[in-house]
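structure.csv follows; it contains CSV, C-alpha atoms and all ligand atoms.
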chain,number,residue,atom,x,y,z
O,1,MET,CA,95.0,79.0,57.1
O,2,THR,CA,94.5,81.7,59.6
O,3,ARG,CA,97.7,83.1,61.1
O,4,GLU,CA,97.9,85.3,64.1
O,5,VAL,CA,100.8,87.4,65.4
O,6,ARG,CA,101.1,88.5,69.0
O,7,THR,CA,102.4,92.1,69.5
O,8,THR,CA,101.9,95.1,71.7
O,9,PHE,CA,100.1,98.4,71.1
O,10,GLY,CA,103.5,100.1,71.4
O,11,GLU,CA,104.7,98.2,68.3
O,12,LEU,CA,101.5,98.9,66.4
O,13,ARG,CA,102.0,102.6,67.1
O,14,GLU,CA,105.2,102.4,65.0
O,15,PHE,CA,102.9,102.3,62.0
O,16,ALA,CA,103.3,106.0,60.8
O,17,SER,CA,99.6,106.3,59.9
O,18,TRP,CA,98.3,104.5,63.0
O,19,VAL,CA,94.9,105.9,64.1
O,20,GLU,CA,94.1,105.4,67.8
O,21,PRO,CA,90.9,103.5,68.4
O,22,ASP,CA,88.0,105.5,69.5
O,23,ALA,CA,88.2,106.1,73.3
O,24,ARG,CA,84.8,104.4,73.8
O,25,VAL,CA,86.0,101.3,72.0
O,26,ALA,CA,89.1,101.2,74.2
O,27,ALA,CA,87.1,101.9,77.3
O,28,GLY,CA,84.8,99.0,76.3
O,29,TYR,CA,87.9,96.8,76.5
O,30,GLY,CA,88.5,97.8,80.0
O,31,PHE,CA,91.3,100.2,79.4
O,32,GLU,CA,91.1,103.0,81.9
O,33,ASN,CA,89.9,106.4,80.5
O,34,GLY,CA,89.9,104.8,77.1
O,35,VAL,CA,93.7,105.0,76.9
O,36,ILE,CA,95.5,101.8,75.7
O,37,PRO,CA,99.0,101.6,77.2
O,38,ASP,CA,102.0,100.8,74.9
O,39,GLN,CA,102.6,97.5,76.7
O,40,ALA,CA,99.0,96.2,76.3
O,41,GLN,CA,99.0,92.9,74.3
O,42,ALA,CA,97.4,92.8,70.9
O,43,THR,CA,96.9,90.2,68.2
O,44,VAL,CA,96.9,90.8,64.4
O,45,ASP,CA,95.2,88.2,62.3
O,46,SER,CA,95.6,87.3,58.6
O,47,SER,CA,92.8,89.7,57.7
O,48,LEU,CA,95.0,92.3,59.4
O,49,ALA,CA,92.4,93.1,62.0
O,50,VAL,CA,93.8,94.0,65.5
O,51,PHE,CA,92.3,92.4,68.6
O,52,GLY,CA,93.0,93.3,72.3
O,53,SER,CA,93.8,90.5,74.7
O,54,THR,CA,90.2,90.3,76.1
O,55,GLY,CA,89.2,88.6,72.9
O,56,ARG,CA,86.2,90.7,71.9
O,57,GLY,CA,85.5,92.2,68.5
O,58,ALA,CA,88.3,93.8,66.4
O,59,ILE,CA,89.8,97.0,67.7
O,60,VAL,CA,91.0,97.9,64.3
O,61,ALA,CA,89.6,96.3,61.2
O,62,ASP,CA,91.5,98.3,58.6
O,63,SER,CA,93.1,96.8,55.6
O,64,ARG,CA,94.5,99.8,53.8
O,65,ALA,CA,97.5,99.2,51.6
O,66,ASP,CA,100.0,101.0,53.9
O,67,TRP,CA,98.8,99.0,56.9
O,68,ALA,CA,99.1,95.8,54.8
O,69,MET,CA,102.7,96.7,53.9
O,70,PHE,CA,103.5,97.4,57.6
O,71,CYS,CA,102.1,94.0,58.5
O,72,GLN,CA,104.0,92.3,55.7
O,73,GLU,CA,107.3,93.9,56.7
O,74,ARG,CA,106.9,93.8,60.5
O,75,PHE,CA,105.1,90.5,61.1
O,76,GLY,CA,105.5,88.6,57.8
O,77,LEU,CA,101.7,88.6,57.5
O,78,ASP,CA,100.4,88.5,53.9
O,79,SER,CA,96.9,89.8,53.3
O,80,ALA,CA,94.4,88.2,50.9
O,81,ARG,CA,93.4,91.6,49.7
O,82,TRP,CA,96.8,93.1,48.7
O,83,PRO,CA,99.7,91.8,46.6
O,84,SER,CA,103.1,91.5,48.2
O,85,PHE,CA,104.7,95.0,48.3
O,86,ARG,CA,108.5,95.4,47.9
O,87,ARG,CA,109.6,98.8,49.2
O,88,HIS,CA,112.1,100.8,47.0
O,89,PRO,CA,115.4,101.0,48.9
O,90,LEU,CA,115.2,104.8,48.9
O,91,ASN,CA,111.6,104.7,50.2
O,92,ASP,CA,112.5,105.4,53.8
O,93,GLY,CA,109.3,105.9,55.8
O,94,PHE,CA,107.1,107.3,53.1
O,95,VAL,CA,103.7,108.5,54.5
O,96,TRP,CA,100.8,109.5,52.2
O,97,ARG,CA,99.5,113.0,52.9
O,98,SER,CA,95.9,113.9,52.2
O,99,ILE,CA,94.9,116.9,50.2
O,100,GLY,CA,94.4,120.0,52.3
O,101,ASN,CA,91.9,122.9,52.2
O,102,GLY,CA,91.6,125.6,49.6
O,103,LYS,CA,90.7,123.5,46.6
O,104,ARG,CA,89.7,125.2,43.3
O,105,VAL,CA,88.1,122.6,41.1
O,106,LEU,CA,88.0,119.3,43.0
O,107,SER,CA,84.9,118.7,45.0
O,108,ASP,CA,85.3,117.4,48.6
O,109,ALA,CA,84.1,114.0,47.3
O,110,GLU,CA,86.7,113.9,44.5
O,111,ALA,CA,89.5,115.0,46.9
O,112,GLU,CA,88.4,112.2,49.3
O,113,ALA,CA,88.3,109.7,46.4
O,114,TYR,CA,91.8,110.7,45.3
O,115,ASP,CA,93.1,110.4,48.8
O,116,ARG,CA,91.4,107.0,49.4
O,117,ASP,CA,91.7,105.4,45.9
O,118,GLY,CA,94.5,107.4,44.3
O,119,TYR,CA,92.5,108.5,41.3
O,120,VAL,CA,89.6,110.4,39.9
O,121,VAL,CA,88.0,110.2,36.4
O,122,VAL,CA,86.9,113.4,34.7
O,123,GLU,CA,84.6,112.6,31.8
O,124,ASP,CA,84.3,114.4,28.5
O,125,VAL,CA,86.7,117.3,29.0
O,126,LEU,CA,88.0,117.9,25.5
O,127,SER,CA,85.9,118.7,22.4
O,128,GLN,CA,86.3,116.5,19.3
O,129,ALA,CA,87.6,119.5,17.4
O,130,PHE,CA,90.5,120.0,19.9
O,131,LEU,CA,91.2,116.3,20.0
O,132,ASN,CA,91.5,116.2,16.2
O,133,GLU,CA,94.0,119.0,16.4
O,134,VAL,CA,96.1,117.3,19.0
O,135,VAL,CA,95.9,113.9,17.3
O,136,ALA,CA,96.9,115.4,13.9
O,137,ASP,CA,100.1,116.7,15.6
O,138,LEU,CA,100.8,113.4,17.4
O,139,ASP,CA,100.3,111.4,14.3
O,140,ARG,CA,103.1,113.2,12.5
O,141,PHE,CA,105.5,112.2,15.3
O,142,GLU,CA,104.1,108.8,15.3
O,143,GLU,CA,105.1,108.0,11.8
O,144,ALA,CA,108.7,109.0,12.5
O,145,ARG,CA,108.7,106.9,15.6
O,146,ALA,CA,107.3,103.8,14.0
O,147,GLU,CA,109.8,104.2,11.1
O,148,ALA,CA,112.7,104.5,13.6
O,149,ALA,CA,111.5,101.3,15.4
O,150,LYS,CA,111.4,99.5,12.1
O,151,LEU,CA,114.9,100.5,11.3
O,152,ALA,CA,116.0,99.3,14.8
O,153,GLY,CA,114.7,95.8,14.0
O,154,GLY,CA,111.1,96.4,15.2
O,155,LYS,CA,112.0,97.4,18.7
O,156,ASN,CA,113.2,100.7,20.1
O,157,THR,CA,113.3,100.9,23.9
O,158,ILE,CA,109.8,99.8,24.9
O,159,THR,CA,108.3,100.8,21.5
O,160,GLN,CA,107.5,97.7,19.3
O,161,ALA,CA,106.6,98.4,15.7
O,162,GLY,CA,103.1,97.3,14.8
O,163,LYS,CA,102.2,96.7,18.5
O,164,VAL,CA,102.7,99.7,20.7
O,165,THR,CA,104.6,103.0,20.3
O,166,PHE,CA,105.7,105.6,22.9
O,167,ASN,CA,106.7,109.0,21.8
O,168,VAL,CA,108.1,111.2,24.5
O,169,GLN,CA,108.4,114.8,25.4
O,170,LEU,CA,106.5,116.2,22.5
O,171,ALA,CA,105.0,119.2,24.2
O,172,ARG,CA,108.1,121.2,23.3
O,173,HIS,CA,107.4,120.6,19.6
O,174,SER,CA,103.6,121.0,19.5
O,175,ALA,CA,101.6,124.1,20.2
O,176,ALA,CA,98.4,122.0,20.5
O,177,LEU,CA,100.1,119.9,23.1
O,178,ARG,CA,101.3,122.8,25.1
O,179,GLU,CA,97.7,124.1,25.1
O,180,LEU,CA,96.5,120.7,26.3
O,181,VAL,CA,99.0,120.3,29.1
O,182,ALA,CA,98.1,123.8,30.4
O,183,LEU,CA,94.3,123.6,30.1
O,184,PRO,CA,92.8,125.7,32.9
O,185,LEU,CA,91.0,122.7,34.3
O,186,LEU,CA,94.3,120.8,34.5
O,187,GLN,CA,96.2,123.8,35.9
O,188,HIS,CA,93.6,124.2,38.7
O,189,MET,CA,93.4,120.5,39.4
O,190,MET,CA,97.2,120.4,39.8
O,191,HIS,CA,96.9,123.3,42.2
O,192,ASP,CA,94.5,121.2,44.3
O,193,LEU,CA,96.6,118.0,44.1
O,194,ILE,CA,100.1,119.4,44.1
O,195,GLY,CA,100.2,123.0,45.3
O,196,PRO,CA,100.7,126.5,44.0
O,197,ASN,CA,104.0,125.8,42.1
O,198,VAL,CA,103.7,123.1,39.4
O,199,ARG,CA,105.7,122.0,36.4
O,200,LEU,CA,105.1,119.7,33.6
O,201,TYR,CA,107.3,116.7,34.5
O,202,TRP,CA,106.8,114.2,31.6
O,203,ASP,CA,104.6,113.8,28.5
O,204,GLN,CA,104.3,110.9,26.1
O,205,SER,CA,101.9,109.6,23.6
O,206,VAL,CA,101.0,105.8,23.7
O,207,TYR,CA,99.5,104.3,20.6
O,208,LYS,CA,98.3,100.7,20.8
O,209,SER,CA,98.0,99.2,17.4
O,210,PRO,CA,94.9,97.3,16.2
O,211,HIS,CA,94.9,93.6,17.2
O,212,SER,CA,97.9,94.1,19.5
O,213,SER,CA,97.7,91.8,22.6
O,214,LEU,CA,100.6,93.6,24.3
O,215,ILE,CA,99.8,94.8,27.7
O,216,PHE,CA,101.7,97.7,29.4
O,217,PRO,CA,102.6,96.0,32.7
O,218,TRP,CA,101.8,97.0,36.3
O,219,HIS,CA,103.9,99.9,37.4
O,220,GLN,CA,103.9,103.2,39.3
O,221,ASP,CA,104.9,106.2,37.2
O,222,THR,CA,107.5,106.9,39.9
O,223,GLY,CA,108.9,103.4,39.1
O,224,TYR,CA,111.1,104.6,36.2
O,225,THR,CA,113.0,107.4,38.1
O,226,PHE,CA,113.1,107.8,41.8
O,227,VAL,CA,112.2,111.4,43.0
O,228,ASP,CA,112.3,113.1,46.3
O,229,ARG,CA,108.6,114.1,46.4
O,230,PRO,CA,106.9,111.0,45.0
O,231,GLY,CA,103.6,111.6,46.7
O,232,GLN,CA,103.2,114.8,44.7
O,233,ILE,CA,103.6,113.5,41.2
O,234,VAL,CA,100.2,113.4,39.4
O,235,THR,CA,99.5,111.8,36.1
O,236,ALA,CA,96.7,112.9,33.7
O,237,TRP,CA,96.1,110.0,31.3
O,238,ILE,CA,94.2,111.6,28.5
O,239,ALA,CA,92.1,109.3,26.2
O,240,LEU,CA,92.4,110.6,22.7
O,241,THR,CA,90.2,107.8,21.4
O,242,ASP,CA,87.7,105.7,23.3
O,243,ALA,CA,89.4,103.2,25.6
O,244,ASN,CA,87.6,100.2,27.1
O,245,GLU,CA,88.5,96.7,28.2
O,246,ASP,CA,88.7,95.5,24.6
O,247,SER,CA,90.9,98.4,23.4
O,248,GLY,CA,93.4,98.8,26.1
O,249,CYS,CA,91.9,101.0,28.8
O,250,MET,CA,93.6,101.9,32.1
O,251,TRP,CA,93.4,99.4,35.0
O,252,VAL,CA,94.3,100.5,38.5
O,253,LEU,CA,94.7,99.0,42.0
O,254,PRO,CA,92.7,101.5,44.1
O,255,GLY,CA,94.3,102.5,47.4
O,256,ALA,CA,97.8,101.1,46.6
O,257,HIS,CA,99.4,104.5,46.2
O,258,ARG,CA,99.6,104.8,50.0
O,259,VAL,CA,102.6,102.4,50.2
O,260,GLY,CA,105.0,104.9,48.5
O,261,PRO,CA,107.7,104.0,45.9
O,262,LEU,CA,108.1,100.2,45.3
O,263,VAL,CA,110.9,98.2,43.6
O,264,HIS,CA,110.3,97.6,39.9
O,265,GLU,CA,111.8,94.9,37.7
O,266,LYS,CA,112.9,95.7,34.2
O,267,SER,CA,111.0,93.7,31.5
O,268,GLU,CA,110.7,93.7,27.7
O,269,LEU,CA,107.4,95.5,28.0
O,270,GLY,CA,108.4,98.1,30.6
O,271,ASN,CA,109.2,98.2,34.3
O,272,LEU,CA,106.9,96.1,36.4
O,273,VAL,CA,105.9,96.1,40.0
O,274,PHE,CA,103.7,93.0,40.3
O,275,ASP,CA,104.2,89.7,38.4
O,276,ALA,CA,100.5,88.7,38.5
O,277,ASP,CA,97.3,90.8,38.2
O,278,PRO,CA,96.3,91.8,41.8
O,279,SER,CA,92.8,90.7,42.8
O,280,GLY,CA,91.6,94.2,43.6
O,281,MET,CA,92.3,95.7,40.1
O,282,VAL,CA,89.5,97.7,38.4
O,283,PRO,CA,89.1,98.8,34.8
O,284,LEU,CA,88.5,102.5,34.0
O,285,PRO,CA,86.8,102.6,30.6
O,286,VAL,CA,86.4,106.1,29.2
O,287,ARG,CA,85.2,108.0,26.1
O,288,ALA,CA,87.6,110.0,24.0
O,289,GLY,CA,88.3,113.4,25.6
O,290,SER,CA,88.1,112.1,29.1
O,291,ILE,CA,90.9,112.2,31.6
O,292,VAL,CA,92.0,109.7,34.3
O,293,VAL,CA,93.9,111.7,36.9
O,294,PHE,CA,95.9,109.5,39.3
O,295,ALA,CA,98.7,109.6,41.8
O,296,GLY,CA,102.2,108.9,40.3
O,297,LEU,CA,102.4,106.2,43.0
O,298,LEU,CA,99.2,104.4,42.0
O,299,PRO,CA,100.0,101.0,40.4
O,300,HIS,CA,98.3,100.7,37.0
O,301,MET,CA,98.5,98.8,33.7
O,302,THR,CA,96.8,98.9,30.3
O,303,GLY,CA,95.5,95.8,28.5
O,304,GLY,CA,95.8,94.8,24.8
O,305,ASN,CA,93.8,96.2,21.9
O,306,SER,CA,91.6,93.6,20.1
O,307,GLN,CA,89.8,96.3,18.0
O,308,ASN,CA,90.6,97.2,14.4
O,309,TRP,CA,91.6,100.8,15.2
O,310,THR,CA,94.5,102.3,17.1
O,311,ARG,CA,93.9,103.2,20.7
O,312,LYS,CA,95.6,106.6,21.3
O,313,ALA,CA,96.4,108.2,24.7
O,314,LEU,CA,98.6,110.9,26.1
O,315,VAL,CA,100.3,110.6,29.4
O,316,VAL,CA,101.0,113.9,31.1
O,317,GLU,CA,102.8,113.9,34.5
O,318,TYR,CA,103.0,117.0,36.7
O,319,ALA,CA,105.3,117.6,39.7
O,320,PRO,CA,105.9,120.3,42.3
O,321,ASP,CA,108.5,122.9,41.4
O,322,GLY,CA,111.7,122.1,43.2
O,323,MET,CA,111.4,118.3,42.9
O,324,ASN,CA,114.6,116.4,42.3
O,325,ARG,CA,115.3,113.0,40.6
O,326,ILE,CA,117.6,110.7,42.5
O,327,ALA,CA,119.7,108.0,40.8
O,328,ILE,CA,122.2,105.8,42.5
O,329,ASP,CA,125.6,105.7,40.7
O,330,PRO,CA,127.7,102.5,40.4
O,331,TRP,CA,129.6,103.5,43.6
O,332,GLY,CA,126.3,103.8,45.6
O,333,GLU,CA,126.3,107.6,45.6
O,334,HIS,CA,123.1,109.5,45.1
O,335,VAL,CA,123.0,111.6,42.0
O,336,VAL,CA,120.5,114.4,42.5
O,337,SER,CA,119.2,116.4,39.5
O,338,PRO,CA,116.4,119.0,39.5
O,339,ALA,CA,113.4,118.2,37.2
O,340,ASN,CA,113.3,121.7,35.7
O,341,ASN,CA,114.3,121.6,32.1
O,342,PRO,CA,112.8,124.8,30.8
O,343,HIS,CA,111.8,123.3,27.4
O,344,THR,CA,110.4,119.9,28.5
O,345,GLN,CA,109.5,120.6,32.2
O,346,PHE,CA,108.2,124.1,32.0
O,347,GLU,CA,106.1,125.8,34.8
O,348,ILE,CA,102.4,125.7,34.5
O,349,LEU,CA,101.6,127.4,37.8
O,350,ARG,CA,103.7,129.9,39.9
O,351,ASP,CA,102.3,131.1,43.2
O,352,GLY,CA,99.0,129.6,42.2
O,353,ARG,CA,98.8,131.6,38.9
O,354,PRO,CA,98.9,130.1,35.5
O,355,THR,CA,102.2,130.8,33.7
O,356,VAL,CA,101.3,129.4,30.3
O,357,GLY,CA,98.1,128.8,28.3
O,358,ARG,CA,96.8,132.4,28.6
O,401,LIG,O1,98.5,104.3,27.6
O,401,LIG,C1,99.0,103.2,27.9
O,401,LIG,O2,98.7,102.2,27.3
O,401,LIG,C2,100.0,103.1,29.0
O,401,LIG,C3,100.3,104.3,29.7
O,401,LIG,C4,101.0,104.2,31.0
O,401,LIG,O3,100.7,103.6,31.9
O,401,LIG,C5,102.3,105.0,31.0
O,401,LIG,O4,102.8,105.4,30.0
O,401,LIG,O5,102.9,105.0,32.2
Show me, as structure tokens, the structure contained in the file I just sent.
Ligand SMILES: O=C(O)CCC(=O)C(=O)O
Amino acid sequence: MTREVRTTFGELREFASWVEPDARVAAGYGFENGVIPDQAQATVDSSLAVFGSTGRGAIVADSRADWAMFCQERFGLDSARWPSFRRHPLNDGFVWRSIGNGKRVLSDAEAEAYDRDGYVVVEDVLSQAFLNEVVADLDRFEEARAEAAKLAGGKNTITQAGKVTFNVQLARHSAALRELVALPLLQHMMHDLIGPNVRLYWDQSVYKSPHSSLIFPWHQDTGYTFVDRPGQIVTAWIALTDANEDSGCMWVLPGAHRVGPLVHEKSELGNLVFDADPSGMVPLPVRAGSIVVFAGLLPHMTGGNSQNWTRKALVVEYAPDGMNRIAIDPWGEHVVSPANNPHTQFEILRDGRPTVGR
């Protein structure tokens, strides 16, 4: 059923990323000098298009995720295109900022894609020889992790023996991993996406066992710990083996990063942001050695692995130097702590210059 909501342009202008209609479009509606006054009447329909009161074509036909969230929160209008978004209580007026000028490695088209969709895929970055070196190191930690999970009755946090294992903050223990997280390509890409001062924020391996139907549910990487600069966290998901729809590749909801931090529910499988698969989800199958680079705010999930080999991936998150984590204590007070542990969150770029890996 089509629903419509009556409002004014003044109210629509409260949407922080509101873009004024082209002056010619506005003039075509009879608004003098192409300027639409705040008190002019408007209608928003269930496709989230905006119409002026003269009833001609749509003045705005934009259904970006942040606009969808504004319409959900303000008018109770749900769009067919987007899932229902539940804002994190600390997400007070988040606005997505586009990447500026002065890029080093991203082309304009890639920067535009990251801004619009929240991700770019960089194919075939790592040689098989280097992959072998990294995987050999990770496999050593993996055995210990799987053993610890077995001793804990098969489950240790979100690791489940024989199904999926997560091994966290290994860069401090492995020279190959330290080389990987500070590859010049990644350093320069983080310069383009984050800025001149960048730290490693988090790293973890994720192994999906053969014939494991476990999914890793829809979440934002910022959905585990709230941070004060969520729009600047960037994740590099590095495929250490091939990853496709049958072996547990990455799935994303393009464009949904623009809504900022969302509420996550805790589940056995991990924190989750949507109960059901959103209709706009897309798979990102990649060959071993490729990297999916995405915004820490982009909702994503991985599927099960029906193959007879282990799907291996490394998640590396980067953040601007100076970023803080914010937790809420039982008395409702904010507990602020800097994400700058020198062993696990070391700098990779200072004033635009690589600090490690050279
Ligand atoms: O590699 C996977 O299967 C899941 C990775 C992921 O989304 C994460 O660790 O946040």
Mind running region 2-91 of chain O against region 255-266 of chain O at 7 Å and telling me each contacting residue's nearest atom pair with the distance in Å (one decimal), counting only C-alpha atoms, chain and number ascending, as a Markdown table?
| residue | atom | partner | partner_atom | distance |
| --- | --- | --- | --- | --- |
| O:Arg64 | CA | O:Gly255 | CA | 6.9 |
| O:Ala65 | CA | O:Ala256 | CA | 5.4 |
| O:Asp66 | CA | O:Val259 | CA | 4.7 |
| O:Met69 | CA | O:Val259 | CA | 6.8 |
| O:Phe85 | CA | O:Leu262 | CA | 6.9 |
| O:Arg86 | CA | O:Leu262 | CA | 5.5 |
| O:Arg87 | CA | O:Leu262 | CA | 4.4 |
| O:His88 | CA | O:Leu262 | CA | 4.4 |
| O:Asn91 | CA | O:Pro261 | CA | 5.8 |
Please dump the current selection as an mmCIF file, in the frame of the given file; keep C-alpha atoms.
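Generated file (selection-v8.cif):
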data_model
loop_
_atom_site.group_PDB
_atom_site.id
_atom_site.type_symbol
_atom_site.label_atom_id
_atom_site.label_comp_id
_atom_site.auth_asym_id
_atom_site.auth_seq_id
_atom_site.Cartn_x
_atom_site.Cartn_y
_atom_site.Cartn_z
ATOM 1 C CA ARG O 64 94.500 99.800 53.800
ATOM 2 C CA ALA O 65 97.500 99.200 51.600
ATOM 3 C CA ASP O 66 100.000 101.000 53.900
ATOM 4 C CA MET O 69 102.700 96.700 53.900
ATOM 5 C CA PHE O 85 104.700 95.000 48.300
ATOM 6 C CA ARG O 86 108.500 95.400 47.900
ATOM 7 C CA ARG O 87 109.600 98.800 49.200
ATOM 8 C CA HIS O 88 112.100 100.800 47.000
ATOM 9 C CA ASN O 91 111.600 104.700 50.200
#
So, counting only C-alpha atoms, which residue among O:Leu138, O:Ala61, O:Phe294, O:Leu240 is closest to Ala111 (chain O)?
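Among the listed residues, O:Phe294 lies closest to Ala111 (chain O).
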Hey, which of O:Ala313, O:Ile194, O:Leu186, O:Val122 ends up closest to ligand LIG 401 (chain O)? Count all atoms listed in the file.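 The answer is O:Ala313, which sits nearest to ligand LIG 401 (chain O).
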Can you list, as a VMD selection string, every protein, DNA or RNA residue that comes within 8 Å of Val315 (chain O) when you count all atoms listed in the file, leaving out same-chain residues fewer than 3 positions away? chain O and resid 202 to 206 235 to 238
- Minimum-distance residue to ligand LIG 401 (chain O), chosen among O:Phe226, O:Phe274, O:Phe346, O:Phe216 (using only C-alpha atoms and all ligand atoms):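 Ranked by minimum distance to ligand LIG 401 (chain O), first place goes to O:Phe216.
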Kindly provide, as a short mmCIF file (atom, residue, chain, number, x, y, z; two decimals) with C-alpha atoms, keeping the file's coordinate frame, all nucleotide and amino acid residues lying within 10 Å of ligand LIG 401 (chain O), counting all atoms listed in the file.
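Generated file (out-v7.cif):
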data_model
loop_
_atom_site.label_atom_id
_atom_site.label_comp_id
_atom_site.auth_asym_id
_atom_site.auth_seq_id
_atom_site.Cartn_x
_atom_site.Cartn_y
_atom_site.Cartn_z
CA VAL O 164 102.70 99.70 20.70
CA THR O 165 104.60 103.00 20.30
CA PHE O 166 105.70 105.60 22.90
CA ASN O 167 106.70 109.00 21.80
CA VAL O 168 108.10 111.20 24.50
CA TRP O 202 106.80 114.20 31.60
CA ASP O 203 104.60 113.80 28.50
CA GLN O 204 104.30 110.90 26.10
CA SER O 205 101.90 109.60 23.60
CA VAL O 206 101.00 105.80 23.70
CA TYR O 207 99.50 104.30 20.60
CA LYS O 208 98.30 100.70 20.80
CA LEU O 214 100.60 93.60 24.30
CA ILE O 215 99.80 94.80 27.70
CA PHE O 216 101.70 97.70 29.40
CA PRO O 217 102.60 96.00 32.70
CA TRP O 218 101.80 97.00 36.30
CA HIS O 219 103.90 99.90 37.40
CA GLN O 220 103.90 103.20 39.30
CA ASP O 221 104.90 106.20 37.20
CA THR O 222 107.50 106.90 39.90
CA GLY O 223 108.90 103.40 39.10
CA TYR O 224 111.10 104.60 36.20
CA THR O 235 99.50 111.80 36.10
CA TRP O 237 96.10 110.00 31.30
CA ILE O 238 94.20 111.60 28.50
CA ALA O 239 92.10 109.30 26.20
CA ALA O 243 89.40 103.20 25.60
CA SER O 247 90.90 98.40 23.40
CA GLY O 248 93.40 98.80 26.10
CA CYS O 249 91.90 101.00 28.80
CA MET O 250 93.60 101.90 32.10
CA TRP O 251 93.40 99.40 35.00
CA VAL O 252 94.30 100.50 38.50
CA GLY O 270 108.40 98.10 30.60
CA ASN O 271 109.20 98.20 34.30
CA GLY O 296 102.20 108.90 40.30
CA PRO O 299 100.00 101.00 40.40
CA HIS O 300 98.30 100.70 37.00
CA MET O 301 98.50 98.80 33.70
CA THR O 302 96.80 98.90 30.30
CA GLY O 303 95.50 95.80 28.50
CA GLY O 304 95.80 94.80 24.80
CA ASN O 305 93.80 96.20 21.90
CA ARG O 311 93.90 103.20 20.70
CA LYS O 312 95.60 106.60 21.30
CA ALA O 313 96.40 108.20 24.70
CA LEU O 314 98.60 110.90 26.10
CA VAL O 315 100.30 110.60 29.40
CA VAL O 316 101.00 113.90 31.10
CA GLU O 317 102.80 113.90 34.50
#
| said: Quick check, in Å to one decimal: how far apart do CA of Leu185 (chain O) and CA of Arg353 (chain O) lie? | reply: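 One can read the CA of Leu185 (chain O) to CA of Arg353 (chain O) distance as 12.7 Å.
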### Separation of CA of Thr310 (chain O) from CA of Ala146 (chain O) in Å
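Separating CA of Ala146 (chain O) from CA of Thr310 (chain O) is a distance of 13.3 Å.
Distance check against Leu170 (chain O) using all atoms listed in the file: of O:Val234, O:Leu151, O:Leu200, O:Ala26, the minimum falls on O:Leu200.
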CA of Ala16 (chain O) to CA of Arg199 (chain O) measures 29.3 Å
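Considering all atoms listed in the file, the residue among O:Ala109, O:Leu272, O:Val336, O:Val286 positioned nearest to Thr241 (chain O) is O:Val286.
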Fill in: Nearby residues (all atoms listed in the file) at most 9 Å from Ala175 (chain O), same-chain spacing under 4 positions excluded, as a PyMOL selection string
chain O and resi 134+137+171+179-180
- Item | Pick from O:Val25, O:Ser63, O:Pro83, O:Val135, whichever lies nearest to Ala276 (chain O) using all atoms listed in the file |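 Among the listed residues, O:Pro83 lies closest to Ala276 (chain O).
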Item to check | Within 10 Å of region 322-327 of chain O using all atoms listed in the file, minus same-chain residues under 3 positions, as a PyMOL selection string | outcome: chain O and resi 90+197-199+201+222+225-230+232-233+319+330+332-340
- [ ] Please provide the set of residues having any atom within 12 Å of Ala49 (chain O), restricted to only C-alpha atoms, with same-chain residues fewer than 4 positions apart removed, written as a VMD selection string.
- [x] chain O and resid 2 to 5 12 42 to 45 56 to 64 67 to 68 71 77 79
